[in-house]
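Text of model_14.cif (mmCIF, N, CA and C atoms) as supplied:
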data_model
loop_
_atom_site.label_atom_id
_atom_site.label_comp_id
_atom_site.auth_asym_id
_atom_site.auth_seq_id
_atom_site.Cartn_x
_atom_site.Cartn_y
_atom_site.Cartn_z
N MET A 980 -23.46 -7.50 -11.78
CA MET A 980 -22.25 -7.51 -10.99
C MET A 980 -22.31 -6.38 -9.95
N ALA A 981 -21.82 -6.67 -8.76
CA ALA A 981 -21.86 -5.70 -7.66
C ALA A 981 -20.88 -4.56 -7.91
N LYS A 982 -21.30 -3.37 -7.52
CA LYS A 982 -20.37 -2.24 -7.51
C LYS A 982 -19.34 -2.52 -6.42
N ARG A 983 -18.09 -2.16 -6.68
CA ARG A 983 -17.02 -2.41 -5.71
C ARG A 983 -16.51 -1.09 -5.14
N ALA A 984 -16.17 -1.16 -3.87
CA ALA A 984 -15.55 -0.03 -3.19
C ALA A 984 -14.49 -0.61 -2.25
N ALA A 985 -13.60 0.25 -1.79
CA ALA A 985 -12.53 -0.20 -0.91
C ALA A 985 -12.10 0.93 0.01
N GLY A 986 -11.60 0.54 1.19
CA GLY A 986 -11.14 1.54 2.15
C GLY A 986 -10.37 0.89 3.29
N PHE A 987 -10.09 1.70 4.29
CA PHE A 987 -9.37 1.24 5.47
C PHE A 987 -10.20 1.52 6.71
N LEU A 988 -10.24 0.55 7.62
CA LEU A 988 -10.74 0.80 8.97
C LEU A 988 -9.51 1.25 9.76
N ILE A 989 -9.41 2.56 9.96
CA ILE A 989 -8.23 3.15 10.59
C ILE A 989 -8.46 3.26 12.10
N PHE A 990 -7.46 2.80 12.85
CA PHE A 990 -7.53 2.95 14.30
C PHE A 990 -6.29 3.67 14.81
N ARG A 991 -6.45 4.23 15.99
CA ARG A 991 -5.30 4.84 16.68
C ARG A 991 -5.35 4.40 18.13
N ARG A 992 -4.19 4.42 18.74
CA ARG A 992 -4.07 4.07 20.16
C ARG A 992 -3.81 5.35 20.95
N LEU A 993 -4.65 5.57 21.95
CA LEU A 993 -4.45 6.68 22.88
C LEU A 993 -4.43 6.09 24.27
N ARG A 994 -3.24 5.98 24.81
CA ARG A 994 -3.03 5.29 26.08
C ARG A 994 -3.62 3.89 26.00
N GLU A 995 -4.63 3.61 26.79
CA GLU A 995 -5.22 2.26 26.79
C GLU A 995 -6.42 2.15 25.84
N ARG A 996 -6.78 3.24 25.19
CA ARG A 996 -7.95 3.23 24.32
C ARG A 996 -7.57 2.96 22.86
N ILE A 997 -8.47 2.27 22.17
CA ILE A 997 -8.37 2.10 20.73
C ILE A 997 -9.57 2.83 20.13
N GLU A 998 -9.29 3.75 19.21
CA GLU A 998 -10.35 4.54 18.58
C GLU A 998 -10.31 4.35 17.07
N TYR A 999 -11.50 4.38 16.46
CA TYR A 999 -11.66 4.18 15.02
C TYR A 999 -12.13 5.48 14.38
N LEU A 1000 -11.57 5.76 13.20
CA LEU A 1000 -11.94 6.97 12.47
C LEU A 1000 -13.24 6.74 11.71
N MET A 1001 -14.21 7.60 11.99
CA MET A 1001 -15.50 7.57 11.30
C MET A 1001 -15.74 8.94 10.67
N LEU A 1002 -16.17 8.93 9.41
CA LEU A 1002 -16.42 10.15 8.66
C LEU A 1002 -17.91 10.25 8.33
N GLN A 1003 -18.47 11.45 8.47
CA GLN A 1003 -19.88 11.66 8.15
C GLN A 1003 -20.01 12.26 6.75
N ALA A 1004 -20.75 11.57 5.89
CA ALA A 1004 -20.96 12.03 4.52
C ALA A 1004 -21.70 13.36 4.51
N SER A 1005 -21.36 14.20 3.55
CA SER A 1005 -22.02 15.50 3.41
C SER A 1005 -23.17 15.43 2.40
N TYR A 1006 -23.60 14.22 2.05
CA TYR A 1006 -24.67 14.03 1.07
C TYR A 1006 -25.63 12.94 1.56
N GLY A 1007 -26.76 12.82 0.90
CA GLY A 1007 -27.71 11.75 1.18
C GLY A 1007 -28.17 11.73 2.63
N GLN A 1008 -28.06 10.56 3.25
CA GLN A 1008 -28.51 10.36 4.63
C GLN A 1008 -27.46 10.80 5.65
N HIS A 1009 -26.36 11.36 5.18
CA HIS A 1009 -25.27 11.81 6.06
C HIS A 1009 -24.77 10.66 6.94
N HIS A 1010 -24.60 9.49 6.31
CA HIS A 1010 -24.17 8.28 7.02
C HIS A 1010 -22.72 8.41 7.49
N TRP A 1011 -22.37 7.56 8.44
CA TRP A 1011 -21.01 7.50 9.00
C TRP A 1011 -20.34 6.23 8.53
N SER A 1012 -19.08 6.34 8.12
CA SER A 1012 -18.31 5.17 7.70
C SER A 1012 -16.82 5.53 7.74
N PRO A 1013 -15.96 4.52 7.67
CA PRO A 1013 -14.53 4.79 7.51
C PRO A 1013 -14.26 5.33 6.10
N PRO A 1014 -13.05 5.84 5.85
CA PRO A 1014 -12.72 6.28 4.50
C PRO A 1014 -12.83 5.12 3.50
N LYS A 1015 -13.55 5.36 2.42
CA LYS A 1015 -13.73 4.34 1.38
C LYS A 1015 -14.26 5.01 0.13
N GLY A 1016 -14.21 4.29 -0.99
CA GLY A 1016 -14.77 4.83 -2.22
C GLY A 1016 -14.80 3.81 -3.32
N HIS A 1017 -15.45 4.16 -4.42
CA HIS A 1017 -15.62 3.26 -5.55
C HIS A 1017 -14.31 2.98 -6.28
N VAL A 1018 -14.20 1.75 -6.75
CA VAL A 1018 -13.04 1.33 -7.52
C VAL A 1018 -13.18 1.90 -8.93
N ASP A 1019 -12.16 2.62 -9.38
CA ASP A 1019 -12.15 3.18 -10.73
C ASP A 1019 -11.71 2.11 -11.73
N PRO A 1020 -12.13 2.25 -13.00
CA PRO A 1020 -11.70 1.28 -14.02
C PRO A 1020 -10.17 1.17 -14.06
N GLY A 1021 -9.68 -0.07 -14.12
CA GLY A 1021 -8.24 -0.32 -14.18
C GLY A 1021 -7.53 -0.24 -12.85
N GLU A 1022 -8.26 0.01 -11.78
CA GLU A 1022 -7.67 0.18 -10.45
C GLU A 1022 -8.00 -1.06 -9.62
N ASP A 1023 -7.03 -1.54 -8.82
CA ASP A 1023 -7.35 -2.66 -7.93
C ASP A 1023 -7.87 -2.13 -6.60
N ASP A 1024 -8.41 -3.05 -5.80
CA ASP A 1024 -9.04 -2.65 -4.54
C ASP A 1024 -8.07 -1.91 -3.61
N PHE A 1025 -6.85 -2.41 -3.50
CA PHE A 1025 -5.90 -1.81 -2.57
C PHE A 1025 -5.53 -0.38 -3.00
N LYS A 1026 -5.29 -0.19 -4.29
CA LYS A 1026 -4.97 1.17 -4.79
C LYS A 1026 -6.15 2.11 -4.54
N THR A 1027 -7.37 1.59 -4.70
CA THR A 1027 -8.56 2.39 -4.42
C THR A 1027 -8.59 2.81 -2.95
N ALA A 1028 -8.33 1.86 -2.06
CA ALA A 1028 -8.34 2.17 -0.63
C ALA A 1028 -7.32 3.26 -0.31
N LEU A 1029 -6.14 3.16 -0.88
CA LEU A 1029 -5.11 4.19 -0.65
C LEU A 1029 -5.56 5.55 -1.19
N ARG A 1030 -6.05 5.56 -2.43
CA ARG A 1030 -6.47 6.83 -3.06
C ARG A 1030 -7.61 7.47 -2.28
N GLU A 1031 -8.62 6.68 -1.98
CA GLU A 1031 -9.78 7.23 -1.28
C GLU A 1031 -9.44 7.72 0.12
N THR A 1032 -8.58 7.00 0.81
CA THR A 1032 -8.17 7.42 2.15
C THR A 1032 -7.43 8.75 2.10
N THR A 1033 -6.56 8.90 1.12
CA THR A 1033 -5.84 10.18 0.97
C THR A 1033 -6.81 11.30 0.62
N GLU A 1034 -7.73 11.03 -0.32
CA GLU A 1034 -8.70 12.06 -0.72
C GLU A 1034 -9.62 12.47 0.43
N GLU A 1035 -10.07 11.49 1.22
CA GLU A 1035 -11.09 11.76 2.23
C GLU A 1035 -10.55 12.16 3.59
N SER A 1036 -9.31 11.76 3.90
CA SER A 1036 -8.77 12.04 5.24
C SER A 1036 -7.46 12.82 5.22
N GLY A 1037 -6.81 12.84 4.07
CA GLY A 1037 -5.49 13.47 3.99
C GLY A 1037 -4.35 12.56 4.39
N TYR A 1038 -4.66 11.34 4.85
CA TYR A 1038 -3.61 10.41 5.27
C TYR A 1038 -3.00 9.70 4.07
N LEU A 1039 -1.68 9.68 4.05
CA LEU A 1039 -0.93 8.98 3.01
C LEU A 1039 -0.61 7.57 3.48
N GLU A 1040 -0.17 6.74 2.57
CA GLU A 1040 0.21 5.37 2.93
C GLU A 1040 1.26 5.37 4.03
N THR A 1041 2.19 6.33 4.00
CA THR A 1041 3.26 6.41 5.00
C THR A 1041 2.75 6.81 6.38
N ASP A 1042 1.54 7.34 6.46
CA ASP A 1042 0.93 7.70 7.75
C ASP A 1042 0.32 6.48 8.45
N LEU A 1043 0.22 5.39 7.72
CA LEU A 1043 -0.51 4.23 8.21
C LEU A 1043 0.38 2.99 8.28
N ARG A 1044 0.08 2.15 9.24
CA ARG A 1044 0.62 0.79 9.27
C ARG A 1044 -0.53 -0.09 8.80
N ILE A 1045 -0.44 -0.56 7.57
CA ILE A 1045 -1.54 -1.30 6.95
C ILE A 1045 -1.30 -2.79 7.14
N PHE A 1046 -2.30 -3.46 7.66
CA PHE A 1046 -2.24 -4.90 7.88
C PHE A 1046 -2.89 -5.58 6.67
N LYS A 1047 -2.09 -5.84 5.64
CA LYS A 1047 -2.62 -6.35 4.38
C LYS A 1047 -3.27 -7.73 4.51
N ASN A 1048 -2.91 -8.46 5.55
CA ASN A 1048 -3.51 -9.79 5.74
C ASN A 1048 -4.77 -9.72 6.60
N GLN A 1049 -5.17 -8.52 7.02
CA GLN A 1049 -6.39 -8.33 7.81
C GLN A 1049 -7.40 -7.57 6.97
N THR A 1050 -8.28 -8.32 6.34
CA THR A 1050 -9.26 -7.71 5.42
C THR A 1050 -10.62 -8.36 5.61
N ARG A 1051 -11.65 -7.58 5.39
CA ARG A 1051 -13.03 -8.08 5.42
C ARG A 1051 -13.79 -7.42 4.27
N THR A 1052 -14.69 -8.17 3.68
CA THR A 1052 -15.55 -7.63 2.62
C THR A 1052 -16.99 -7.62 3.11
N LEU A 1053 -17.62 -6.46 3.01
CA LEU A 1053 -19.02 -6.30 3.37
C LEU A 1053 -19.84 -6.25 2.09
N GLU A 1054 -20.93 -7.01 2.05
CA GLU A 1054 -21.80 -7.02 0.88
C GLU A 1054 -23.21 -6.62 1.29
N TYR A 1055 -23.77 -5.67 0.56
CA TYR A 1055 -25.10 -5.17 0.89
C TYR A 1055 -25.71 -4.51 -0.34
N LYS A 1056 -26.94 -4.04 -0.21
CA LYS A 1056 -27.64 -3.38 -1.31
C LYS A 1056 -27.73 -1.87 -1.04
N VAL A 1057 -27.54 -1.09 -2.10
CA VAL A 1057 -27.72 0.35 -2.05
C VAL A 1057 -28.69 0.71 -3.18
N LYS A 1058 -29.85 1.23 -2.81
CA LYS A 1058 -30.88 1.59 -3.79
C LYS A 1058 -31.17 0.42 -4.73
N GLY A 1059 -31.24 -0.78 -4.17
CA GLY A 1059 -31.59 -1.97 -4.94
C GLY A 1059 -30.45 -2.61 -5.70
N HIS A 1060 -29.25 -2.05 -5.62
CA HIS A 1060 -28.10 -2.58 -6.36
C HIS A 1060 -27.10 -3.20 -5.39
N ASP A 1061 -26.49 -4.30 -5.81
CA ASP A 1061 -25.49 -4.97 -4.98
C ASP A 1061 -24.22 -4.13 -4.90
N LYS A 1062 -23.63 -4.13 -3.70
CA LYS A 1062 -22.38 -3.41 -3.47
C LYS A 1062 -21.49 -4.27 -2.59
N ALA A 1063 -20.21 -4.27 -2.89
CA ALA A 1063 -19.20 -4.98 -2.09
C ALA A 1063 -18.12 -3.99 -1.72
N VAL A 1064 -17.82 -3.91 -0.42
CA VAL A 1064 -16.78 -2.99 0.06
C VAL A 1064 -15.74 -3.82 0.81
N VAL A 1065 -14.50 -3.74 0.34
CA VAL A 1065 -13.40 -4.43 1.02
C VAL A 1065 -12.67 -3.42 1.90
N TYR A 1066 -12.45 -3.81 3.15
CA TYR A 1066 -11.72 -2.97 4.11
C TYR A 1066 -10.47 -3.71 4.58
N TRP A 1067 -9.39 -2.97 4.69
CA TRP A 1067 -8.19 -3.45 5.37
C TRP A 1067 -8.08 -2.73 6.70
N LEU A 1068 -7.49 -3.38 7.66
CA LEU A 1068 -7.22 -2.76 8.95
C LEU A 1068 -5.94 -1.95 8.83
N ALA A 1069 -5.94 -0.73 9.40
CA ALA A 1069 -4.77 0.14 9.34
C ALA A 1069 -4.66 0.95 10.63
N GLU A 1070 -3.45 1.11 11.10
CA GLU A 1070 -3.20 1.89 12.31
C GLU A 1070 -2.56 3.22 11.92
N LEU A 1071 -3.06 4.30 12.49
CA LEU A 1071 -2.44 5.61 12.29
C LEU A 1071 -1.14 5.64 13.09
N VAL A 1072 -0.03 5.83 12.41
CA VAL A 1072 1.29 5.77 13.05
C VAL A 1072 1.44 6.85 14.11
N ASP A 1073 1.05 8.08 13.77
CA ASP A 1073 1.10 9.19 14.72
C ASP A 1073 -0.34 9.51 15.15
N PRO A 1074 -0.74 9.04 16.34
CA PRO A 1074 -2.14 9.21 16.74
C PRO A 1074 -2.58 10.67 16.87
N ALA A 1075 -1.65 11.60 16.88
CA ALA A 1075 -2.00 13.02 16.99
C ALA A 1075 -2.18 13.68 15.62
N LYS A 1076 -1.84 12.98 14.54
CA LYS A 1076 -1.94 13.58 13.21
C LYS A 1076 -3.40 13.86 12.88
N GLU A 1077 -3.67 15.09 12.48
CA GLU A 1077 -5.05 15.51 12.23
C GLU A 1077 -5.56 15.05 10.87
N VAL A 1078 -6.86 14.83 10.81
CA VAL A 1078 -7.56 14.49 9.57
C VAL A 1078 -7.79 15.77 8.78
N LYS A 1079 -7.67 15.68 7.45
CA LYS A 1079 -8.01 16.79 6.57
C LYS A 1079 -9.21 16.34 5.74
N LEU A 1080 -10.39 16.74 6.17
CA LEU A 1080 -11.62 16.31 5.50
C LEU A 1080 -11.75 16.87 4.09
N SER A 1081 -12.30 16.05 3.20
CA SER A 1081 -12.63 16.52 1.85
C SER A 1081 -14.05 17.08 1.87
N ASP A 1082 -14.49 17.59 0.72
CA ASP A 1082 -15.85 18.11 0.59
C ASP A 1082 -16.89 17.01 0.71
N GLU A 1083 -16.47 15.74 0.55
CA GLU A 1083 -17.41 14.62 0.62
C GLU A 1083 -17.91 14.36 2.04
N HIS A 1084 -17.22 14.95 3.03
CA HIS A 1084 -17.59 14.71 4.43
C HIS A 1084 -17.74 16.01 5.18
N GLN A 1085 -18.64 16.00 6.17
CA GLN A 1085 -18.91 17.22 6.93
C GLN A 1085 -18.45 17.12 8.38
N ASP A 1086 -18.10 15.92 8.82
CA ASP A 1086 -17.66 15.78 10.21
C ASP A 1086 -16.85 14.50 10.35
N LEU A 1087 -16.12 14.39 11.45
CA LEU A 1087 -15.34 13.19 11.75
C LEU A 1087 -15.38 12.96 13.24
N LYS A 1088 -15.22 11.72 13.60
CA LYS A 1088 -15.13 11.35 15.01
C LYS A 1088 -14.16 10.19 15.14
N TRP A 1089 -13.37 10.23 16.21
CA TRP A 1089 -12.58 9.08 16.63
C TRP A 1089 -13.37 8.43 17.76
N LEU A 1090 -13.79 7.18 17.54
CA LEU A 1090 -14.68 6.54 18.49
C LEU A 1090 -14.17 5.16 18.90
N GLU A 1091 -14.43 4.82 20.15
CA GLU A 1091 -14.13 3.46 20.59
C GLU A 1091 -15.10 2.50 19.92
N ARG A 1092 -14.80 1.22 19.99
CA ARG A 1092 -15.51 0.18 19.23
C ARG A 1092 -17.03 0.32 19.27
N ASP A 1093 -17.61 0.29 20.44
CA ASP A 1093 -19.07 0.27 20.53
C ASP A 1093 -19.71 1.54 19.99
N ASN A 1094 -19.06 2.66 20.18
CA ASN A 1094 -19.60 3.92 19.66
C ASN A 1094 -19.49 3.99 18.14
N ALA A 1095 -18.40 3.45 17.58
CA ALA A 1095 -18.26 3.40 16.12
C ALA A 1095 -19.34 2.50 15.51
N ILE A 1096 -19.60 1.37 16.16
CA ILE A 1096 -20.63 0.46 15.70
C ILE A 1096 -22.00 1.13 15.75
N GLU A 1097 -22.27 1.81 16.84
CA GLU A 1097 -23.57 2.46 17.01
C GLU A 1097 -23.80 3.55 15.96
N ILE A 1098 -22.79 4.36 15.70
CA ILE A 1098 -22.96 5.49 14.77
C ILE A 1098 -23.13 5.01 13.33
N ALA A 1099 -22.49 3.88 12.98
CA ALA A 1099 -22.63 3.34 11.63
C ALA A 1099 -23.99 2.68 11.44
N GLY A 1100 -24.42 1.91 12.44
CA GLY A 1100 -25.76 1.36 12.43
C GLY A 1100 -26.01 0.13 11.55
N TYR A 1101 -24.97 -0.56 11.12
CA TYR A 1101 -25.14 -1.75 10.28
C TYR A 1101 -24.55 -2.98 10.94
N GLY A 1102 -25.29 -4.08 10.89
CA GLY A 1102 -24.87 -5.31 11.55
C GLY A 1102 -23.58 -5.88 11.01
N ASP A 1103 -23.41 -5.90 9.67
CA ASP A 1103 -22.18 -6.47 9.12
C ASP A 1103 -20.98 -5.59 9.44
N PHE A 1104 -21.18 -4.28 9.51
CA PHE A 1104 -20.11 -3.38 9.92
C PHE A 1104 -19.73 -3.67 11.37
N ALA A 1105 -20.74 -3.87 12.20
CA ALA A 1105 -20.50 -4.18 13.61
C ALA A 1105 -19.67 -5.45 13.75
N ASP A 1106 -20.01 -6.48 12.98
CA ASP A 1106 -19.26 -7.73 13.02
C ASP A 1106 -17.80 -7.52 12.62
N MET A 1107 -17.58 -6.70 11.58
CA MET A 1107 -16.22 -6.43 11.13
C MET A 1107 -15.42 -5.69 12.20
N VAL A 1108 -15.99 -4.66 12.79
CA VAL A 1108 -15.29 -3.88 13.80
C VAL A 1108 -14.96 -4.75 15.01
N ARG A 1109 -15.93 -5.55 15.44
CA ARG A 1109 -15.66 -6.45 16.58
C ARG A 1109 -14.53 -7.44 16.25
N HIS A 1110 -14.56 -7.99 15.04
CA HIS A 1110 -13.52 -8.93 14.61
C HIS A 1110 -12.13 -8.27 14.66
N PHE A 1111 -12.01 -7.09 14.05
CA PHE A 1111 -10.72 -6.40 14.03
C PHE A 1111 -10.31 -5.96 15.44
N ASP A 1112 -11.26 -5.47 16.21
CA ASP A 1112 -10.96 -5.01 17.56
C ASP A 1112 -10.42 -6.16 18.41
N ASP A 1113 -11.03 -7.33 18.28
CA ASP A 1113 -10.54 -8.51 19.01
C ASP A 1113 -9.13 -8.86 18.57
N LYS A 1114 -8.86 -8.80 17.26
CA LYS A 1114 -7.52 -9.10 16.75
C LYS A 1114 -6.49 -8.13 17.34
N ILE A 1115 -6.82 -6.86 17.37
CA ILE A 1115 -5.90 -5.85 17.90
C ILE A 1115 -5.60 -6.13 19.37
N LYS A 1116 -6.64 -6.39 20.13
CA LYS A 1116 -6.48 -6.56 21.58
C LYS A 1116 -5.82 -7.89 21.96
N GLN A 1117 -6.05 -8.93 21.17
CA GLN A 1117 -5.55 -10.25 21.54
C GLN A 1117 -4.26 -10.64 20.85
N ASN A 1118 -4.09 -10.21 19.59
CA ASN A 1118 -2.97 -10.71 18.79
C ASN A 1118 -2.22 -9.59 18.06
N TYR A 1119 -2.11 -8.42 18.65
CA TYR A 1119 -1.54 -7.28 17.93
C TYR A 1119 -0.17 -7.61 17.33
N ASP A 1120 0.67 -8.27 18.09
CA ASP A 1120 2.02 -8.58 17.62
C ASP A 1120 2.03 -9.57 16.47
N GLN A 1121 0.93 -10.27 16.27
CA GLN A 1121 0.86 -11.27 15.19
C GLN A 1121 0.08 -10.78 13.98
N LEU A 1122 -0.36 -9.55 14.01
CA LEU A 1122 -1.08 -9.01 12.87
C LEU A 1122 -0.10 -8.85 11.74
#
Kindly return the structure encoded in the file as structure tokens.
Amino acid sequence: MAKRAAGFLIFRRLRERIEYLMLQASYGQHHWSPPKGHVDPGEDDFKTALRETTEESGYLETDLRIFKNQTRTLEYKVKGHDKAVVYWLAELVDPAKEVKLSDEHQDLKWLERDNAIEIAGYGDFADMVRHFDDKIKQNYDQL
């Protein structure tokens, strides 16, 4: 069975720009990703996404407008083991609110779509970001 993780693809609006929060891990390959983490026993995916986002960014559920009907699951292998990560789309309500990084991360960046895709470096992540970005730009009021 695949290991499960969950998180939020958090975006903010700055004038005409849409930027996505990317965090750089302080371990391993120092990869970049949105806030996410492993599902604990007895915990559902959504509760995991909330807990991990608070732990890794300092953002509470009240800091975010979460689009519960906008979700994507990425499936891939890590060290030969299957992993599934479910992401929900979420908007930072106050775009000026600062991130409070945990020890799990060493840096953060707010990046526009193409730069977020480039820094993450994974095709399925790119597809997810493009999908959500299109939804935001074309159908924001219907999210």
message = Translate the PyMOL selection byres ((chain A and resi 1054) around 8) into a concrete residue list for this structure, as number ranges by chain.
response = A: 1051-1053, 1055-1057, 1061-1065, 1103-1104
Could you take the residues named above and write them with N, CA and C atoms, as an mmCIF file, keeping the file's coordinate frame?
data_model
loop_
_atom_site.group_PDB
_atom_site.id
_atom_site.type_symbol
_atom_site.label_atom_id
_atom_site.label_comp_id
_atom_site.auth_asym_id
_atom_site.auth_seq_id
_atom_site.Cartn_x
_atom_site.Cartn_y
_atom_site.Cartn_z
ATOM 1 N N ARG A 1051 -11.650 -7.580 5.390
ATOM 2 C CA ARG A 1051 -13.030 -8.080 5.420
ATOM 3 C C ARG A 1051 -13.790 -7.420 4.270
ATOM 4 N N THR A 1052 -14.690 -8.170 3.680
ATOM 5 C CA THR A 1052 -15.550 -7.630 2.620
ATOM 6 C C THR A 1052 -16.990 -7.620 3.110
ATOM 7 N N LEU A 1053 -17.620 -6.460 3.010
ATOM 8 C CA LEU A 1053 -19.020 -6.300 3.370
ATOM 9 C C LEU A 1053 -19.840 -6.250 2.090
ATOM 10 N N TYR A 1055 -23.770 -5.670 0.560
ATOM 11 C CA TYR A 1055 -25.100 -5.170 0.890
ATOM 12 C C TYR A 1055 -25.710 -4.510 -0.340
ATOM 13 N N LYS A 1056 -26.940 -4.040 -0.210
ATOM 14 C CA LYS A 1056 -27.640 -3.380 -1.310
ATOM 15 C C LYS A 1056 -27.730 -1.870 -1.040
ATOM 16 N N VAL A 1057 -27.540 -1.090 -2.100
ATOM 17 C CA VAL A 1057 -27.720 0.350 -2.050
ATOM 18 C C VAL A 1057 -28.690 0.710 -3.180
ATOM 19 N N ASP A 1061 -26.490 -4.300 -5.810
ATOM 20 C CA ASP A 1061 -25.490 -4.970 -4.980
ATOM 21 C C ASP A 1061 -24.220 -4.130 -4.900
ATOM 22 N N LYS A 1062 -23.630 -4.130 -3.700
ATOM 23 C CA LYS A 1062 -22.380 -3.410 -3.470
ATOM 24 C C LYS A 1062 -21.490 -4.270 -2.590
ATOM 25 N N ALA A 1063 -20.210 -4.270 -2.890
ATOM 26 C CA ALA A 1063 -19.200 -4.980 -2.090
ATOM 27 C C ALA A 1063 -18.120 -3.990 -1.720
ATOM 28 N N VAL A 1064 -17.820 -3.910 -0.420
ATOM 29 C CA VAL A 1064 -16.780 -2.990 0.060
ATOM 30 C C VAL A 1064 -15.740 -3.820 0.810
ATOM 31 N N VAL A 1065 -14.500 -3.740 0.340
ATOM 32 C CA VAL A 1065 -13.400 -4.430 1.020
ATOM 33 C C VAL A 1065 -12.670 -3.420 1.900
ATOM 34 N N ASP A 1103 -23.410 -5.900 9.670
ATOM 35 C CA ASP A 1103 -22.180 -6.470 9.120
ATOM 36 C C ASP A 1103 -20.980 -5.590 9.440
ATOM 37 N N PHE A 1104 -21.180 -4.280 9.510
ATOM 38 C CA PHE A 1104 -20.110 -3.380 9.920
ATOM 39 C C PHE A 1104 -19.730 -3.670 11.370
#
query = So what does the PyMOL selection byres ((chain A and resi 1043-1050) around 6) actually pick up in this one, as a list in words?
reply =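 Checking the PyMOL selection byres ((chain A and resi 1043-1050) around 6) against this file, the residues are Leu1039, Glu1040, Thr1041, Asp1042, Arg1051, Thr1052, Tyr1066, Trp1067, Leu1068, Ala1069, Glu1070, Leu1071, Val1072 and Leu1122 of chain A.
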remark   = For Arg1030 (chain A), the closest of A:Arg1092, A:Ala985, A:Glu1097, A:Arg994 counting only C-alpha atoms is A:Ala985
query = What is the distance between atom N of Ala1099 (chain A) and atom N of Glu1083 (chain A), in Å to one decimal?
reply = 18.2 Å
I'd like to see the residues matched by the PyMOL selection byres ((chain A and resi 1016-1023) around 6) on this file, and ideally I'd get them as a compact mmCIF listing (two decimals) with N, CA and C atoms, in the coordinates of the input.
# COMPACT_ATOMS: atom_id res chain seq x y z
N ARG A 983 -18.09 -2.16 -6.68
CA ARG A 983 -17.02 -2.41 -5.71
C ARG A 983 -16.51 -1.09 -5.14
N ALA A 984 -16.17 -1.16 -3.87
CA ALA A 984 -15.55 -0.03 -3.19
C ALA A 984 -14.49 -0.61 -2.25
N ALA A 985 -13.60 0.25 -1.79
CA ALA A 985 -12.53 -0.20 -0.91
C ALA A 985 -12.10 0.93 0.01
N GLY A 986 -11.60 0.54 1.19
CA GLY A 986 -11.14 1.54 2.15
C GLY A 986 -10.37 0.89 3.29
N PRO A 1014 -13.05 5.84 5.85
CA PRO A 1014 -12.72 6.28 4.50
C PRO A 1014 -12.83 5.12 3.50
N LYS A 1015 -13.55 5.36 2.42
CA LYS A 1015 -13.73 4.34 1.38
C LYS A 1015 -14.26 5.01 0.13
N ASP A 1024 -8.41 -3.05 -5.80
CA ASP A 1024 -9.04 -2.65 -4.54
C ASP A 1024 -8.07 -1.91 -3.61
N PHE A 1025 -6.85 -2.41 -3.50
CA PHE A 1025 -5.90 -1.81 -2.57
C PHE A 1025 -5.53 -0.38 -3.00
N LYS A 1026 -5.29 -0.19 -4.29
CA LYS A 1026 -4.97 1.17 -4.79
C LYS A 1026 -6.15 2.11 -4.54
N THR A 1027 -7.37 1.59 -4.70
CA THR A 1027 -8.56 2.39 -4.42
C THR A 1027 -8.59 2.81 -2.95
N GLU A 1031 -8.62 6.68 -1.98
CA GLU A 1031 -9.78 7.23 -1.28
C GLU A 1031 -9.44 7.72 0.12
ask   = Got a sec: who's within 7 Å of Asp1086 (chain A), counting only N, CA and C atoms, leaving out chain neighbours fewer than 3 positions off, as an NGL selection string?
value = :A and (1001-1005 or 1083)
query = Which residue out of A:Phe990, A:Phe1111, A:Tyr1006, A:Tyr999 has the minimum interatomic distance to Glu1091 (chain A) when all atoms listed in the file are used?
reply =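 Answer, going by the shortest atom-to-atom distance: A:Tyr999.
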task = Quote the spacing between CA of Glu1077 (chain A) and atom N of Leu1000 (chain A) in Å to one decimal place.
result =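 So the answer is 11.8 Å.
Atom pair atom C of Trp1089 (chain A) / atom N of His1009 (chain A) has a distance of 18.3 Å (rounded to one decimal).
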message = Taking the DSSP secondary structure from the backbone, can you list the residues of chain A that are alpha helix (DSSP H), as an MDAnalysis selection string?
response = chainID A and resid 1024:1036 1092:1099 1102:1118
request  = Give the strand (DSSP E or B) residues of chain A, as assigned by DSSP on the backbone, as an MDAnalysis selection string.
outcome  = chainID A and resid 982:993 996:1004 1011:1012 1015:1017 1043:1057 1060:1071 1084:1090
key: Residue among A:Lys1079, A:Arg1109, A:Lys1116, A:Arg991 lying closest to Asp1093 (chain A), counting only C-alpha atoms   =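 Checking each of A:Lys1079, A:Arg1109, A:Lys1116, A:Arg991 against Asp1093 (chain A), counting only C-alpha atoms, the winner is A:Arg1109.
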